[in-house]
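Listing of entry21.cif; format and content: mmCIF, C-alpha atoms.
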```cif
data_my_file
#
loop_
_atom_site.label_atom_id
_atom_site.label_comp_id
_atom_site.auth_asym_id
_atom_site.auth_seq_id
_atom_site.Cartn_x
_atom_site.Cartn_y
_atom_site.Cartn_z
CA MET Z 842 16.09 20.98 4.51
CA PRO Z 843 13.89 18.40 2.75
CA THR Z 844 11.69 16.19 4.91
CA ILE Z 845 10.56 12.97 3.24
CA LEU Z 846 8.07 10.51 4.70
CA GLY Z 847 8.91 6.94 3.80
CA PHE Z 848 8.98 3.38 5.05
CA ALA Z 849 10.90 1.30 7.57
CA PRO Z 850 13.45 -1.22 6.22
CA ASN Z 851 11.07 -4.09 7.10
CA ALA Z 852 7.84 -2.33 6.10
CA PHE Z 853 7.00 -4.62 3.19
CA GLU Z 854 5.65 -8.16 3.12
CA VAL Z 855 7.19 -10.33 0.38
CA LEU Z 856 4.57 -12.61 -1.18
CA SER Z 857 6.88 -14.25 -3.71
CA GLY Z 858 10.48 -13.72 -4.75
CA SER Z 859 13.35 -12.09 -2.91
CA SER Z 860 13.38 -10.36 0.46
CA ALA Z 861 15.67 -7.80 -1.22
CA LEU Z 862 12.75 -6.91 -3.55
CA ASN Z 863 14.68 -7.82 -6.67
CA SER Z 864 13.11 -8.00 -10.13
CA GLY Z 865 10.08 -10.34 -10.26
CA THR Z 866 9.30 -10.02 -6.54
CA ARG Z 867 5.69 -9.46 -5.48
CA PHE Z 868 5.29 -7.42 -2.31
CA ARG Z 869 2.86 -5.22 -0.42
CA LEU Z 870 2.47 -2.94 2.53
CA PRO Z 871 0.54 -4.92 5.17
CA PRO Z 872 -3.20 -4.20 4.93
CA GLU Z 873 -3.10 -2.65 8.41
CA TRP Z 874 -0.19 -0.28 7.61
CA GLU Z 875 -0.94 3.33 8.61
CA ALA Z 876 1.33 6.35 8.19
CA SER Z 877 0.38 7.74 11.60
CA GLU Z 878 1.83 4.64 13.27
CA ASP Z 879 4.33 3.13 10.84
CA LEU Z 880 6.04 5.78 8.67
CA TYR Z 881 9.72 6.78 8.80
CA GLU Z 882 10.68 10.47 8.60
CA PHE Z 883 13.89 11.42 6.77
CA ASP Z 884 15.09 14.95 7.62
CA ILE Z 885 17.87 15.81 5.17
CA THR Z 886 20.34 18.66 4.84
CA ASP Z 887 21.65 18.97 1.29
CA ALA Z 888 23.38 21.64 -0.78
CA ASP Z 889 21.60 20.66 -4.01
CA ALA Z 890 18.19 19.53 -5.28
CA THR Z 891 18.88 15.82 -5.90
CA PHE Z 892 19.06 12.80 -3.62
CA GLN Z 893 22.23 11.09 -4.82
CA GLY Z 894 23.41 7.51 -4.78
CA ASP Z 895 26.61 5.62 -4.02
CA THR Z 896 28.54 4.88 -7.21
CA GLY Z 897 32.03 4.83 -5.67
CA ASP Z 898 33.85 1.98 -3.96
CA ASP Z 899 31.15 -0.17 -2.31
CA ALA Z 900 33.52 -0.89 0.56
CA ASN Z 901 33.39 2.77 1.59
CA GLU Z 902 29.56 3.01 1.65
CA VAL Z 903 29.62 6.78 2.10
CA GLY Z 904 27.64 8.01 -0.90
CA ASP Z 905 28.47 10.48 -3.67
CA ASP Z 906 27.33 13.67 -1.89
CA SER Z 907 29.16 14.61 1.30
CA SER Z 908 26.61 17.37 2.07
CA GLN Z 909 23.70 14.93 2.10
CA ASP Z 910 23.14 14.11 5.77
CA GLY Z 911 20.48 14.21 8.47
CA THR Z 912 18.33 12.03 10.72
CA VAL Z 913 15.79 9.20 10.48
CA ARG Z 914 12.95 8.96 12.99
CA ASP Z 915 10.00 6.59 13.34
CA ALA Z 916 6.36 7.70 13.55
CA GLN Z 917 6.68 8.11 17.32
CA GLY Z 918 9.61 10.51 16.93
CA THR Z 919 12.27 8.08 18.13
CA LEU Z 920 15.68 8.56 16.52
CA VAL Z 921 16.57 5.56 14.33
CA ASP Z 922 19.88 6.71 12.82
CA SER Z 923 21.79 9.79 11.67
CA GLY Z 924 24.67 10.54 9.32
CA GLN Z 925 25.35 10.87 5.60
CA PHE Z 926 22.47 9.55 3.50
CA TYR Z 927 22.62 7.98 0.07
CA LEU Z 928 20.38 5.89 -2.19
CA GLU Z 929 21.92 2.45 -2.57
CA ASP Z 930 19.64 1.19 -5.34
CA VAL Z 931 16.15 1.38 -6.86
CA ARG Z 932 13.27 -1.00 -7.63
CA THR Z 933 10.76 -0.08 -10.36
CA PHE Z 934 7.18 -1.28 -10.76
CA THR Z 935 3.86 -0.22 -12.30
CA ASP Z 936 0.95 0.53 -9.98
CA PRO Z 937 -2.67 -0.51 -10.80
CA GLU Z 938 -3.36 2.95 -12.31
CA GLY Z 939 -0.55 2.40 -14.82
CA ASN Z 940 1.96 4.78 -13.19
CA THR Z 941 5.65 3.87 -13.08
CA VAL Z 942 6.92 4.03 -9.49
CA ASN Z 943 10.51 3.96 -8.27
CA LEU Z 944 11.21 2.67 -4.76
CA TYR Z 945 14.63 3.68 -3.38
CA ARG Z 946 16.66 1.92 -0.70
CA VAL Z 947 18.12 4.49 1.72
CA GLU Z 948 21.38 3.75 3.56
CA ILE Z 949 23.73 5.40 6.05
CA ALA Z 950 27.28 3.95 6.22
CA GLY Z 951 26.13 0.64 4.76
CA ASN Z 952 23.10 0.32 7.05
CA HIS Z 953 19.68 0.02 5.45
CA VAL Z 954 17.59 2.70 7.20
CA GLY Z 955 14.42 2.70 5.09
CA TRP Z 956 12.70 3.21 1.75
CA ILE Z 957 11.35 6.24 -0.11
CA ALA Z 958 9.35 6.39 -3.36
CA ASP Z 959 8.32 8.75 -6.15
CA GLY Z 960 4.76 7.41 -6.19
CA GLU Z 961 2.07 6.48 -3.70
CA LEU Z 962 1.95 2.96 -2.24
CA LYS Z 963 -1.36 1.87 -0.71
CA ALA Z 964 -1.71 -0.66 2.06
CA GLY Z 965 -2.81 -4.12 0.94
CA VAL Z 966 -2.20 -3.56 -2.78
CA VAL Z 967 0.21 -6.07 -4.34
CA TYR Z 968 3.03 -4.75 -6.53
CA GLU Z 969 5.46 -6.68 -8.76
CA VAL Z 970 9.01 -5.37 -9.29
CA SER Z 971 9.81 -5.11 -13.00
CA SER Z 972 13.45 -4.04 -12.67
CA ASP Z 973 16.13 -3.16 -10.11
CA GLY Z 974 19.45 -1.35 -10.36
CA ASN Z 975 21.91 1.15 -8.95
CA VAL Z 976 21.30 4.86 -8.40
CA SER Z 977 23.77 7.13 -10.21
CA ALA Z 978 23.95 10.61 -11.72
CA SER Z 979 21.78 9.39 -14.60
CA ASN Z 980 18.80 8.52 -12.39
CA ASP Z 981 19.22 10.49 -9.14
CA PRO Z 982 15.72 11.69 -8.15
CA ASN Z 983 14.98 15.32 -7.40
CA TYR Z 984 13.60 15.84 -3.92
CA THR Z 985 10.51 17.44 -5.45
CA ASP Z 986 9.76 14.20 -7.35
CA LEU Z 987 9.51 12.11 -4.17
CA VAL Z 988 6.08 11.36 -2.71
CA ASP Z 989 5.38 11.19 1.01
CA ALA Z 990 4.14 7.90 2.46
CA ASN Z 991 0.93 9.17 3.99
CA PHE Z 992 -1.62 6.41 3.44
CA ASP Z 993 -4.02 6.02 6.36
CA GLU Z 994 -7.00 3.69 6.27
CA ASP Z 995 -9.12 6.21 8.21
CA ASP Z 996 -8.80 8.86 5.48
CA ALA Z 997 -11.22 9.05 2.54
CA ASN Z 998 -9.32 6.77 0.16
CA SER Z 999 -9.68 5.69 -3.44
CA ILE Z 1000 -8.05 2.28 -3.82
CA LEU Z 1001 -7.63 0.26 -7.00
CA GLY Z 1002 -6.35 -3.27 -6.58
CA SER Z 1003 -3.97 -5.07 -8.91
CA GLY Z 1004 -4.36 -8.34 -10.76
CA PHE Z 1005 -3.30 -10.33 -7.70
CA ASP Z 1006 -5.15 -11.60 -4.62
CA GLU Z 1007 -5.37 -8.77 -2.08
CA THR Z 1008 -6.76 -7.73 1.29
CA LEU Z 1009 -7.95 -4.11 1.24
CA ILE Z 1010 -9.21 -2.32 4.35
CA ALA Z 1011 -11.04 1.01 4.57
CA GLY Z 1012 -11.71 2.99 7.72
CA ASP Z 1013 -13.82 5.83 9.08
CA GLU Z 1014 -14.31 7.98 5.96
CA ALA Z 1015 -16.23 7.39 2.72
CA ASP Z 1016 -14.00 5.23 0.53
CA SER Z 1017 -14.03 3.93 -3.02
CA ILE Z 1018 -12.44 0.51 -3.42
CA ASP Z 1019 -12.08 -1.59 -6.58
CA GLY Z 1020 -10.44 -4.95 -6.00
CA GLY Z 1021 -9.36 -5.39 -9.59
CA ALA Z 1022 -8.64 -8.89 -10.84
CA GLY Z 1023 -7.85 -11.65 -8.35
CA ASP Z 1024 -9.65 -13.19 -5.38
CA ASP Z 1025 -9.83 -10.26 -2.99
CA GLU Z 1026 -10.96 -9.59 0.56
CA ILE Z 1027 -12.38 -6.08 0.98
CA TYR Z 1028 -13.46 -4.54 4.28
CA ALA Z 1029 -15.29 -1.27 3.69
CA GLY Z 1030 -15.32 0.39 7.14
CA THR Z 1031 -17.82 2.62 8.92
CA ALA Z 1032 -18.82 5.32 6.37
CA ASN Z 1033 -20.87 5.24 3.16
CA ASP Z 1034 -18.46 3.32 0.95
CA VAL Z 1035 -18.50 2.23 -2.69
CA VAL Z 1036 -16.97 -1.20 -3.21
CA ALA Z 1037 -16.45 -3.25 -6.38
CA GLY Z 1038 -14.98 -6.71 -6.19
CA ASN Z 1039 -14.37 -6.73 -9.97
CA THR Z 1040 -13.24 -10.07 -11.41
CA GLY Z 1041 -12.37 -13.07 -9.28
CA ASN Z 1042 -14.06 -14.79 -6.34
CA ASP Z 1043 -14.22 -11.93 -3.88
CA PHE Z 1044 -15.21 -11.51 -0.24
CA VAL Z 1045 -16.77 -8.10 0.51
CA TYR Z 1046 -17.76 -6.87 3.95
CA GLY Z 1047 -19.66 -3.59 3.93
CA GLY Z 1048 -19.47 -2.78 7.63
CA ALA Z 1049 -21.42 0.19 8.96
CA GLY Z 1050 -22.82 2.94 6.74
CA ASP Z 1051 -25.03 2.99 3.66
CA ASP Z 1052 -22.75 1.14 1.27
CA THR Z 1053 -22.88 0.32 -2.43
CA ALA Z 1054 -21.30 -3.06 -3.08
CA ASP Z 1055 -20.89 -4.90 -6.38
CA GLY Z 1056 -19.20 -8.27 -6.30
CA GLY Z 1057 -18.38 -8.27 -10.00
CA SER Z 1058 -17.93 -11.50 -11.92
CA GLY Z 1059 -17.06 -14.69 -10.10
CA ASP Z 1060 -18.46 -16.52 -7.07
CA ASP Z 1061 -18.60 -13.68 -4.56
CA THR Z 1062 -19.56 -13.51 -0.89
CA ILE Z 1063 -20.99 -10.17 0.25
CA TYR Z 1064 -21.95 -9.05 3.75
CA GLY Z 1065 -23.80 -5.76 3.76
CA GLY Z 1066 -23.38 -5.00 7.45
CA THR Z 1067 -25.41 -2.32 9.17
CA GLY Z 1068 -26.91 0.55 7.22
CA SER Z 1069 -29.20 0.69 4.19
CA ASP Z 1070 -27.04 -0.92 1.53
CA SER Z 1071 -27.34 -1.40 -2.20
CA ILE Z 1072 -25.85 -4.78 -3.10
CA SER Z 1073 -25.32 -6.45 -6.45
CA GLY Z 1074 -23.83 -9.84 -7.10
CA GLY Z 1075 -22.40 -8.35 -10.28
CA GLY Z 1076 -22.20 -9.55 -13.84
CA GLY Z 1077 -21.55 -13.09 -14.94
CA THR Z 1078 -23.23 -16.31 -13.92
CA GLY Z 1079 -21.30 -17.01 -10.73
CA ARG Z 1080 -22.96 -18.32 -7.59
CA ASP Z 1081 -23.00 -15.38 -5.20
CA VAL Z 1082 -23.75 -15.52 -1.48
CA VAL Z 1083 -25.26 -12.33 -0.04
CA TYR Z 1084 -26.08 -11.51 3.58
CA ALA Z 1085 -27.77 -8.13 3.40
CA GLY Z 1086 -27.57 -7.41 7.14
CA THR Z 1087 -29.70 -5.05 9.17
CA ASP Z 1088 -31.73 -2.03 7.93
CA ASN Z 1089 -33.44 -1.50 4.56
CA ASP Z 1090 -31.28 -3.02 1.86
CA THR Z 1091 -31.62 -3.42 -1.89
CA VAL Z 1092 -30.19 -6.65 -3.28
CA ASP Z 1093 -29.75 -7.93 -6.84
CA GLY Z 1094 -28.01 -11.25 -7.10
CA GLY Z 1095 -27.49 -10.97 -10.84
CA GLN Z 1096 -27.33 -14.07 -13.04
CA GLY Z 1097 -26.47 -17.46 -11.61
CA ALA Z 1098 -27.81 -19.60 -8.77
CA ASP Z 1099 -27.35 -17.15 -5.90
CA PHE Z 1100 -28.07 -17.37 -2.17
CA ILE Z 1101 -29.54 -14.24 -0.56
CA ASP Z 1102 -30.31 -13.71 3.13
CA GLY Z 1103 -31.96 -10.42 4.02
CA GLY Z 1104 -31.49 -10.76 7.77
CA ASP Z 1105 -28.70 -10.18 10.27
CA LEU Z 1106 -25.06 -11.07 9.72
CA PRO Z 1107 -23.21 -14.00 11.16
CA PRO Z 1108 -21.29 -12.79 14.24
CA GLN Z 1109 -17.64 -11.69 14.54
CA LEU Z 1110 -16.93 -10.71 10.97
CA GLY Z 1111 -14.01 -8.47 10.17
CA PRO Z 1112 -10.39 -8.50 9.10
CA ALA Z 1113 -8.16 -10.84 11.09
#
```

Once more with this new file: its structure as structure tokens, please.
Amino acid sequence: MPTILGFAPNAFEVLSGSSALNSGTRFRLPPEWEASEDLYEFDITDADATFQGDTGDDANEVGDDSSQDGTVRDAQGTLVDSGQFYLEDVRTFTDPEGNTVNLYRVEIAGNHVGWIADGELKAGVVYEVSSDGNVSASNDPNYTDLVDANFDEDDANSILGSGFDETLIAGDEADSIDGGAGDDEIYAGTANDVVAGNTGNDFVYGGAGDDTADGGSGDDTIYGGTGSDSISGGGGTGRDVVYAGTDNDTVDGGQGADFIDGGDLPPQLGPA
């Protein structure tokens, strides 16, 4: 009996385009999304190795495989729905690493009960749907091709942002975060993190730990936080603003007319 960890029907924030996540839509998991609190668990009984769609009469909404049934539960173990599963349709996009990812809409008797994917989605990263369509025998996914939704900000994560404006949040472990293009907000967390703003006018908050932060090109604002940090304004001639924070920090503003303060941080910084 396959168990797949996926997403609630309303898990995604639509930034532009259609709430149905049709082609051209930009969407993301909220930056605060965590598997331990927000995932959906699909426990499926099936006689074969593929998760099939619904290519018959849409009015029936029963799916193509009568042996494909089970339960959906939220992260707290509460039963959401049960019955015969099927994949109503699929959205396809390319993640920042260049991987093609398929996101499938799961239904029971016409009710949208969640999403599953064959690639990893990371909280805060913006994705753009390149195509959408039906699921049929020609593109039914094998259960072994599906990837569990297990992102948790408190794990040791490696996050690469897209070309859009993003908010990326790390947690308790040592993380590596690259904002990619766009004007990003990056919150590094409590461990010894490596953060690169990359291109765009980025906001970087190092938090606790001995962090390495590089704003990249653009007019960046960097707060080192506590810990002995290594901070660079990055390449280019942008005007960077750096608050090194407490402890023994190393700061290089790079080219441009930069502002550097080696003392304490302004109060009450952190993700909203």

Kindly give the distance, in Å, that separates atom CA of Z:Glu938 and atom CA of Z:Leu962, rounded to a single decimal.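 About the pair atom CA of Z:Glu938 and atom CA of Z:Leu962: they are 11.4 Å apart.
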
Would you list the residues near (25.8, 10.8, -11.7) (no more than 10 Å away, in the coordinates of the file, using only C-alpha atoms) as number ranges by chain? Z: 893-896, 905, 976-981

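If you look at atom CA of Z:Tyr1084 and atom CA of Z:Gly1056, they are 12.5 Å away from each other.
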
Shell around Z:Val1092 at 8 Å using all atoms listed in the file, local window under 6 positions removed, as a PyMOL selection string: chain Z and resi 1071-1073+1085

For Z:Val942, work out the shell of residues within 12 Å, counting only C-alpha atoms and skipping chain neighbours fewer than 6 positions away, then give it as a ChimeraX atom specification. /Z:931-936,957-962,968-973,982,986-988

Counting all atoms listed in the file, the residue among Z:Gly1079, Z:Gly1097, Z:Gly924, Z:Gly955 that lies closest to Z:Thr1040 is Z:Gly1079

In the coordinates of the file, take the point (-19.0, -8.4, -8.9) and a cut-off of 12 Å; then, counting only C-alpha atoms, name each qualifying protein, DNA or RNA residue as an MDAnalysis selection string. chainID Z and resid 1019:1025 1036:1045 1053:1063 1072:1083 1093:1096

May I have the residues from that selection written out with C-alpha atoms, as a compact mmCIF listing (two decimals), keeping the file's coordinate frame?
```txt
# COMPACT_ATOMS: atom_id res chain seq x y z
CA ASP Z 1019 -12.08 -1.59 -6.58
CA GLY Z 1020 -10.44 -4.95 -6.00
CA GLY Z 1021 -9.36 -5.39 -9.59
CA ALA Z 1022 -8.64 -8.89 -10.84
CA GLY Z 1023 -7.85 -11.65 -8.35
CA ASP Z 1024 -9.65 -13.19 -5.38
CA ASP Z 1025 -9.83 -10.26 -2.99
CA VAL Z 1036 -16.97 -1.20 -3.21
CA ALA Z 1037 -16.45 -3.25 -6.38
CA GLY Z 1038 -14.98 -6.71 -6.19
CA ASN Z 1039 -14.37 -6.73 -9.97
CA THR Z 1040 -13.24 -10.07 -11.41
CA GLY Z 1041 -12.37 -13.07 -9.28
CA ASN Z 1042 -14.06 -14.79 -6.34
CA ASP Z 1043 -14.22 -11.93 -3.88
CA PHE Z 1044 -15.21 -11.51 -0.24
CA VAL Z 1045 -16.77 -8.10 0.51
CA THR Z 1053 -22.88 0.32 -2.43
CA ALA Z 1054 -21.30 -3.06 -3.08
CA ASP Z 1055 -20.89 -4.90 -6.38
CA GLY Z 1056 -19.20 -8.27 -6.30
CA GLY Z 1057 -18.38 -8.27 -10.00
CA SER Z 1058 -17.93 -11.50 -11.92
CA GLY Z 1059 -17.06 -14.69 -10.10
CA ASP Z 1060 -18.46 -16.52 -7.07
CA ASP Z 1061 -18.60 -13.68 -4.56
CA THR Z 1062 -19.56 -13.51 -0.89
CA ILE Z 1063 -20.99 -10.17 0.25
CA ILE Z 1072 -25.85 -4.78 -3.10
CA SER Z 1073 -25.32 -6.45 -6.45
CA GLY Z 1074 -23.83 -9.84 -7.10
CA GLY Z 1075 -22.40 -8.35 -10.28
CA GLY Z 1076 -22.20 -9.55 -13.84
CA GLY Z 1077 -21.55 -13.09 -14.94
CA THR Z 1078 -23.23 -16.31 -13.92
CA GLY Z 1079 -21.30 -17.01 -10.73
CA ARG Z 1080 -22.96 -18.32 -7.59
CA ASP Z 1081 -23.00 -15.38 -5.20
CA VAL Z 1082 -23.75 -15.52 -1.48
CA VAL Z 1083 -25.26 -12.33 -0.04
CA ASP Z 1093 -29.75 -7.93 -6.84
CA GLY Z 1094 -28.01 -11.25 -7.10
CA GLY Z 1095 -27.49 -10.97 -10.84
CA GLN Z 1096 -27.33 -14.07 -13.04
```

N, CA, C and O atoms modelled onto stretch 847-862 of chain Z, as a PDB file, keeping the file's coordinate frame:
```
ATOM      1  N   GLY Z 847       8.724   8.193   4.497  1.00  0.00           N
ATOM      2  CA  GLY Z 847       8.910   6.940   3.800  1.00  0.00           C
ATOM      3  C   GLY Z 847       8.575   5.743   4.668  1.00  0.00           C
ATOM      4  O   GLY Z 847       7.701   5.811   5.542  1.00  0.00           O
ATOM      5  N   PHE Z 848       9.306   4.665   4.454  1.00  0.00           N
ATOM      6  CA  PHE Z 848       8.980   3.380   5.050  1.00  0.00           C
ATOM      7  C   PHE Z 848      10.170   2.800   5.808  1.00  0.00           C
ATOM      8  O   PHE Z 848      11.318   3.044   5.458  1.00  0.00           O
ATOM      9  N   ALA Z 849       9.864   2.006   6.820  1.00  0.00           N
ATOM     10  CA  ALA Z 849      10.900   1.300   7.570  1.00  0.00           C
ATOM     11  C   ALA Z 849      11.552   0.240   6.694  1.00  0.00           C
ATOM     12  O   ALA Z 849      10.976  -0.205   5.694  1.00  0.00           O
ATOM     13  N   PRO Z 850      12.777  -0.189   7.027  1.00  0.00           N
ATOM     14  CA  PRO Z 850      13.450  -1.220   6.220  1.00  0.00           C
ATOM     15  C   PRO Z 850      12.627  -2.504   6.085  1.00  0.00           C
ATOM     16  O   PRO Z 850      12.691  -3.172   5.048  1.00  0.00           O
ATOM     17  N   ASN Z 851      11.857  -2.851   7.116  1.00  0.00           N
ATOM     18  CA  ASN Z 851      11.070  -4.090   7.100  1.00  0.00           C
ATOM     19  C   ASN Z 851       9.584  -3.829   6.893  1.00  0.00           C
ATOM     20  O   ASN Z 851       8.747  -4.631   7.298  1.00  0.00           O
ATOM     21  N   ALA Z 852       9.244  -2.710   6.242  1.00  0.00           N
ATOM     22  CA  ALA Z 852       7.840  -2.330   6.100  1.00  0.00           C
ATOM     23  C   ALA Z 852       7.049  -3.262   5.195  1.00  0.00           C
ATOM     24  O   ALA Z 852       5.837  -3.423   5.370  1.00  0.00           O
ATOM     25  N   PHE Z 853       7.719  -3.892   4.235  1.00  0.00           N
ATOM     26  CA  PHE Z 853       7.000  -4.620   3.190  1.00  0.00           C
ATOM     27  C   PHE Z 853       6.942  -6.124   3.467  1.00  0.00           C
ATOM     28  O   PHE Z 853       7.890  -6.717   3.993  1.00  0.00           O
ATOM     29  N   GLU Z 854       5.813  -6.712   3.079  1.00  0.00           N
ATOM     30  CA  GLU Z 854       5.650  -8.160   3.120  1.00  0.00           C
ATOM     31  C   GLU Z 854       5.959  -8.724   1.728  1.00  0.00           C
ATOM     32  O   GLU Z 854       5.387  -8.262   0.730  1.00  0.00           O
ATOM     33  N   VAL Z 855       6.856  -9.694   1.649  1.00  0.00           N
ATOM     34  CA  VAL Z 855       7.190 -10.330   0.380  1.00  0.00           C
ATOM     35  C   VAL Z 855       6.277 -11.530   0.189  1.00  0.00           C
ATOM     36  O   VAL Z 855       6.238 -12.449   1.021  1.00  0.00           O
ATOM     37  N   LEU Z 856       5.514 -11.534  -0.895  1.00  0.00           N
ATOM     38  CA  LEU Z 856       4.570 -12.610  -1.180  1.00  0.00           C
ATOM     39  C   LEU Z 856       5.185 -13.689  -2.058  1.00  0.00           C
ATOM     40  O   LEU Z 856       4.800 -14.854  -1.977  1.00  0.00           O
ATOM     41  N   SER Z 857       6.106 -13.288  -2.911  1.00  0.00           N
ATOM     42  CA  SER Z 857       6.880 -14.250  -3.710  1.00  0.00           C
ATOM     43  C   SER Z 857       8.135 -13.553  -4.185  1.00  0.00           C
ATOM     44  O   SER Z 857       8.129 -12.343  -4.432  1.00  0.00           O
ATOM     45  N   GLY Z 858       9.233 -14.301  -4.293  1.00  0.00           N
ATOM     46  CA  GLY Z 858      10.480 -13.720  -4.750  1.00  0.00           C
ATOM     47  C   GLY Z 858      11.440 -13.429  -3.629  1.00  0.00           C
ATOM     48  O   GLY Z 858      11.461 -14.116  -2.606  1.00  0.00           O
ATOM     49  N   SER Z 859      12.221 -12.367  -3.782  1.00  0.00           N
ATOM     50  CA  SER Z 859      13.350 -12.090  -2.910  1.00  0.00           C
ATOM     51  C   SER Z 859      13.008 -11.082  -1.817  1.00  0.00           C
ATOM     52  O   SER Z 859      12.299 -10.102  -2.056  1.00  0.00           O
ATOM     53  N   SER Z 860      13.551 -11.305  -0.628  1.00  0.00           N
ATOM     54  CA  SER Z 860      13.380 -10.360   0.460  1.00  0.00           C
ATOM     55  C   SER Z 860      14.066  -9.028   0.165  1.00  0.00           C
ATOM     56  O   SER Z 860      13.767  -8.009   0.787  1.00  0.00           O
ATOM     57  N   ALA Z 861      15.003  -9.021  -0.788  1.00  0.00           N
ATOM     58  CA  ALA Z 861      15.670  -7.800  -1.220  1.00  0.00           C
ATOM     59  C   ALA Z 861      14.834  -7.017  -2.239  1.00  0.00           C
ATOM     60  O   ALA Z 861      15.282  -5.974  -2.721  1.00  0.00           O
ATOM     61  N   LEU Z 862      13.649  -7.527  -2.581  1.00  0.00           N
ATOM     62  CA  LEU Z 862      12.750  -6.910  -3.550  1.00  0.00           C
ATOM     63  C   LEU Z 862      13.393  -6.779  -4.925  1.00  0.00           C
ATOM     64  O   LEU Z 862      13.242  -5.763  -5.610  1.00  0.00           O
TER      65      LEU Z 862
END
```
